[in-house]
Amino acid sequence: MATGIKQQDRQDAVAGWLFMAPSLVIFAIFVIIPIIFAVVVSFTDWNGISPLQSVGWVGLANYQDVLLGGGIKQFDFFNALKNTTYFALGVVPAQTALSLLLAVVINQQRLRFKQFYRVSYYFPSITSSIAISLLFMLLYQKNGVINQALSALTFGLWPPVVWLNDARGLIHIMLGAIGITVDTFPMLDATKLGGVSLWSWLSGPSVALLAIMILNTWTTIGTMMLIYVAALQDVPISVYEAAQIDGASAWQTFRKITLPMVRPTTFFVVTLGLIGTFQVFDQIYVISSGGPAKTTMTVAYLVYRAGFGNSQMGIGAAIAIILFFIIFALTLIQRRITQGSEA
Amino acid sequence: MRNTRYFLLVVVILLGLVLAACGGAAPAAAPAAPAAPDAATEAAAPATGGESAAPADSAGKTELVLMGWSSSPAENERLQKIVDGYNTANPAAHVTLSQVPDYDTKLQVSLAGGSPPDVFYVDSFKFLDLAAANALDAGGDKIDSKDDFYPNLAAAFTKDGVMYCPPKDFSTLGLVYNTALFDAAGIDYPTAAWTWDDLAAAAAKLTAADKSVYGMSVTPDMARWLAFLYQAGGSVYNADATQMTINSPEAKKALDFYVGLVKDGFAAQPADLSAGWPGEAFGQQKAAMVVEGNWIMPYLKDQFPDVKFAVAELPKGPADAATMSFTVCYAAPAGGKNLEESWKLINYLTGTEGMKAWTDLGLAMPTRKSLEAGWAAQYPEQAAFQAGAAYAYPWQFVAGFKEVLDAINSGIQQAFAGSMSTDQVLKDADTVGAEILAKQK
């Protein structure tokens, strides 16, 4: 009897592995091996042109150049990190909030044409990001639709902004409006952190980066909305009914019932958002190629530039590995925060 | 019984898929037996598909792959015709033309993977990077009639005294101007004798008061500003590329002039004119003058046929006349499998006959002095571009210099926006350049 069960278990195990084998093999070839390859390359001075056999081992020199070197590589990396951080700080909250809002709206029982709304909000997510980027390049032109619409909305008071060519940081613009410029605190301009002056760190996203952030948010809201809709549908109606009986207003229902019940989904959406925004590449590649005065240079695009533009694959791989650790750390922190507050 | 049959069917289908994938994109005539060793090499190389040079098959015909970037349909068609002509005339070889977008990435990947195309384009800008990586076969004496090439173009592809690859065509920068706008403003057309002051004065006069038309459209790009730097007598680095010389009074004069055009309001960036590049702004008649190369001619003929324009040589700077030349060569990979046939093809394409067939299209100029007169007779309106060949500087820098260019471009952009002084731009360029040059092996 016992032998028969063990045999069955073993057969099940073998069958399980066999079924997983194709996807495991594909995963190994296209994900695991390239990652190991990238780690190895990051310790070399490979230029990406000569075959790998002729490459020289440089140990941690690439990481040193990028993080501590004090030259252009360090500046490029921390500048890209600054831009990517502002990008994430702007896009992730906006994306999470707006998608939750849309999900709550769509999830209403008495809403007609639900399917149409669902499709039209999800549509940007499935459209090619290259096509959307090209389209938005046209929209963001100086005499494009966006400037015209804003001008109409403000009755002609809005000065046409050359969105994609404007390198001024948003925070700098706001500070400039109240009279603070780079000369107000010369100390900020002189002190450098990672090769980038403190005044530059405070620049906020540039206008060009803001344009791309808006584009990115619009594209990803659909996916997050669908995830939230699925989560909302898991909330039992009885809870809402109980709240209604207790006399809760719509806002109170939302804050005290809906939000807590979708917390795990919020964690998931924020994590997805963080990972996605830290890796943003296609829009930068199509629209701005690093942008006016390197203000839309993100870390992922810098990896491409270093590897293929400057023929320094070793540096590119090192930056990619550093990016991996940053995203990983952020995800762990975020998980700790969410789990902590649940206790 | 049925289950076993279905199972066998699934296994057979899977096996078929795997074999088909491993066989790669080799031509259907290739026997299935070499599929196994081919699969090993092809799995090692990143997806290069049909670009791998397949060995000669049993008929003795050498398969060659010619890789270039995809440009206008007219150019692509013309090159295909030339290749077809070569194939007919040379039954011993069969050349497949591969025109790819995102060429630099594709070329780099196929070189790194060890299965590069047999003949490929090399832009003068990328030449030193590739030569330093030992990716190119040094043509040297394999190149026919080397003396017939313009010396400065041949020098662009020469390293350590050896000419690696023959240039196939070139373009230079000229001053493209709108004749109708000049007539309306009553200004004489530009000539080769113009100075910077003439250019600024004309730009000022041509700028409309309501800014609907600007005198010029300029981009914060080294590929354009460099001509002005040379015209002022400045340079980027010294002769043996050991020291940066860009932080000089001449460079400051050149940068102040260039940025001044925008600051004074006589020139605008293309984005400010809702255009993608100066050529588009010129075609929409929002800019009366632009500094562009031969490529603007087919663009204007296609997109803006009503614009009346002409080309003059760039104005003379305080020190000298200067312009930039952009040239591309046909190269063979180092250690390539079919070098003899590759060089035969390269010599045909850059020989008198092949080059004439290519440059007859009028999109780029022949690099052979013997073809100069014939092309000039066919395209008299491009005479200014051709005249620039005598004093053009190649668009080329030492290997690994792109980082410095990016930094300078970023600086010029900030200078245009007024957020950085020209002094600071040149100082930063000097610092970054010194760092990169110090690393030169």
# chains A, B, ... in the order shown; residues from 1 in each chain; ligands from 1
call {"tool": "select_by_dssp", "arguments": {"residues": "range 105-321 of chain A", "states": "strand (DSSP E or B)", "output": "ChimeraX atom specification"}}
result
/A:169,192-193,196-197,206
call {"tool": "closest_atom_pairs", "arguments": {"of": "range 277-305 of chain A", "to": "range 166-181 of chain A", "cutoff": "9 Å", "atoms": "only C-alpha atoms", "output": "tab-separated table"}}
result
residue	atom	partner	partner_atom	distance
A:Gly291	CA	A:Ala167	CA	8.0
A:Pro292	CA	A:Ala167	CA	5.4
A:Ala293	CA	A:Ala167	CA	6.3
A:Lys294	CA	A:Ala167	CA	8.2
A:Thr295	CA	A:Ala167	CA	6.2
A:Thr296	CA	A:Ala167	CA	8.6
call {"tool": "write_last_selection", "arguments": {"atoms": "N, CA and C atoms", "output": "PDB file, in the first residue's frame"}}
result
ATOM      1  N   GLY A 291      16.639  63.551 -24.277  1.00  0.00           N
ATOM      2  CA  GLY A 291      15.925  64.773 -24.042  1.00  0.00           C
ATOM      3  C   GLY A 291      16.681  66.051 -24.061  1.00  0.00           C
ATOM      4  N   PRO A 292      16.016  67.168 -23.873  1.00  0.00           N
ATOM      5  CA  PRO A 292      16.721  68.436 -23.861  1.00  0.00           C
ATOM      6  C   PRO A 292      17.691  68.455 -22.688  1.00  0.00           C
ATOM      7  N   ALA A 293      18.934  68.627 -22.957  1.00  0.00           N
ATOM      8  CA  ALA A 293      19.956  68.717 -21.902  1.00  0.00           C
ATOM      9  C   ALA A 293      19.900  67.556 -20.919  1.00  0.00           C
ATOM     10  N   LYS A 294      19.740  66.354 -21.424  1.00  0.00           N
ATOM     11  CA  LYS A 294      19.789  65.127 -20.609  1.00  0.00           C
ATOM     12  C   LYS A 294      18.748  65.117 -19.507  1.00  0.00           C
ATOM     13  N   THR A 295      17.632  65.844 -19.661  1.00  0.00           N
ATOM     14  CA  THR A 295      16.656  65.845 -18.586  1.00  0.00           C
ATOM     15  C   THR A 295      15.626  64.748 -18.727  1.00  0.00           C
ATOM     16  N   THR A 296      15.602  64.034 -19.839  1.00  0.00           N
ATOM     17  CA  THR A 296      14.726  62.876 -19.898  1.00  0.00           C
ATOM     18  C   THR A 296      15.560  61.603 -20.002  1.00  0.00           C
TER      19      THR A 296
END
call {"tool": "residues_around", "arguments": {"residues": "Phe182 in chain B", "least_positions_apart": "5", "cutoff": "9 Å", "atoms": "only C-alpha atoms", "output": "list in words"}}
result
Tyr177, Ile187, Asp188, Tyr189, Ala202, Leu206 and Ala288 of chain B
call {"tool": "residues_around", "arguments": {"residues": "range 278-286 of chain B", "least_positions_apart": "4", "cutoff": "12 Å", "atoms": "only C-alpha atoms", "output": "PyMOL selection string"}}
result
chain B and resi 175-182+206-208+210-221+224+266-274+290-310
call {"tool": "residues_around", "arguments": {"residues": "Leu102 in chain A", "least_positions_apart": "6", "cutoff": "9 Å", "atoms": "only C-alpha atoms", "output": "PyMOL selection string"}}
result
chain A and resi 121+221-222+225+228-229
call {"tool": "write_last_selection", "arguments": {"atoms": "C-alpha atoms", "output": "mmCIF file, in the first residue's frame"}}
result
data_model
loop_
_atom_site.group_PDB
_atom_site.id
_atom_site.type_symbol
_atom_site.label_atom_id
_atom_site.label_comp_id
_atom_site.auth_asym_id
_atom_site.auth_seq_id
_atom_site.Cartn_x
_atom_site.Cartn_y
_atom_site.Cartn_z
ATOM 1 C CA TYR A 121 -9.909 52.835 -20.747
ATOM 2 C CA ILE A 221 -4.024 53.402 -16.109
ATOM 3 C CA GLY A 222 -5.968 50.802 -18.077
ATOM 4 C CA MET A 225 -7.800 49.713 -13.518
ATOM 5 C CA TYR A 228 -8.519 46.996 -9.295
ATOM 6 C CA VAL A 229 -11.861 46.056 -10.860
#
call {"tool": "atom_distance", "arguments": {"atom1": "CA of Ile315 in chain A", "atom2": "CA of Ala61 in chain A"}}
result
9.1 Å
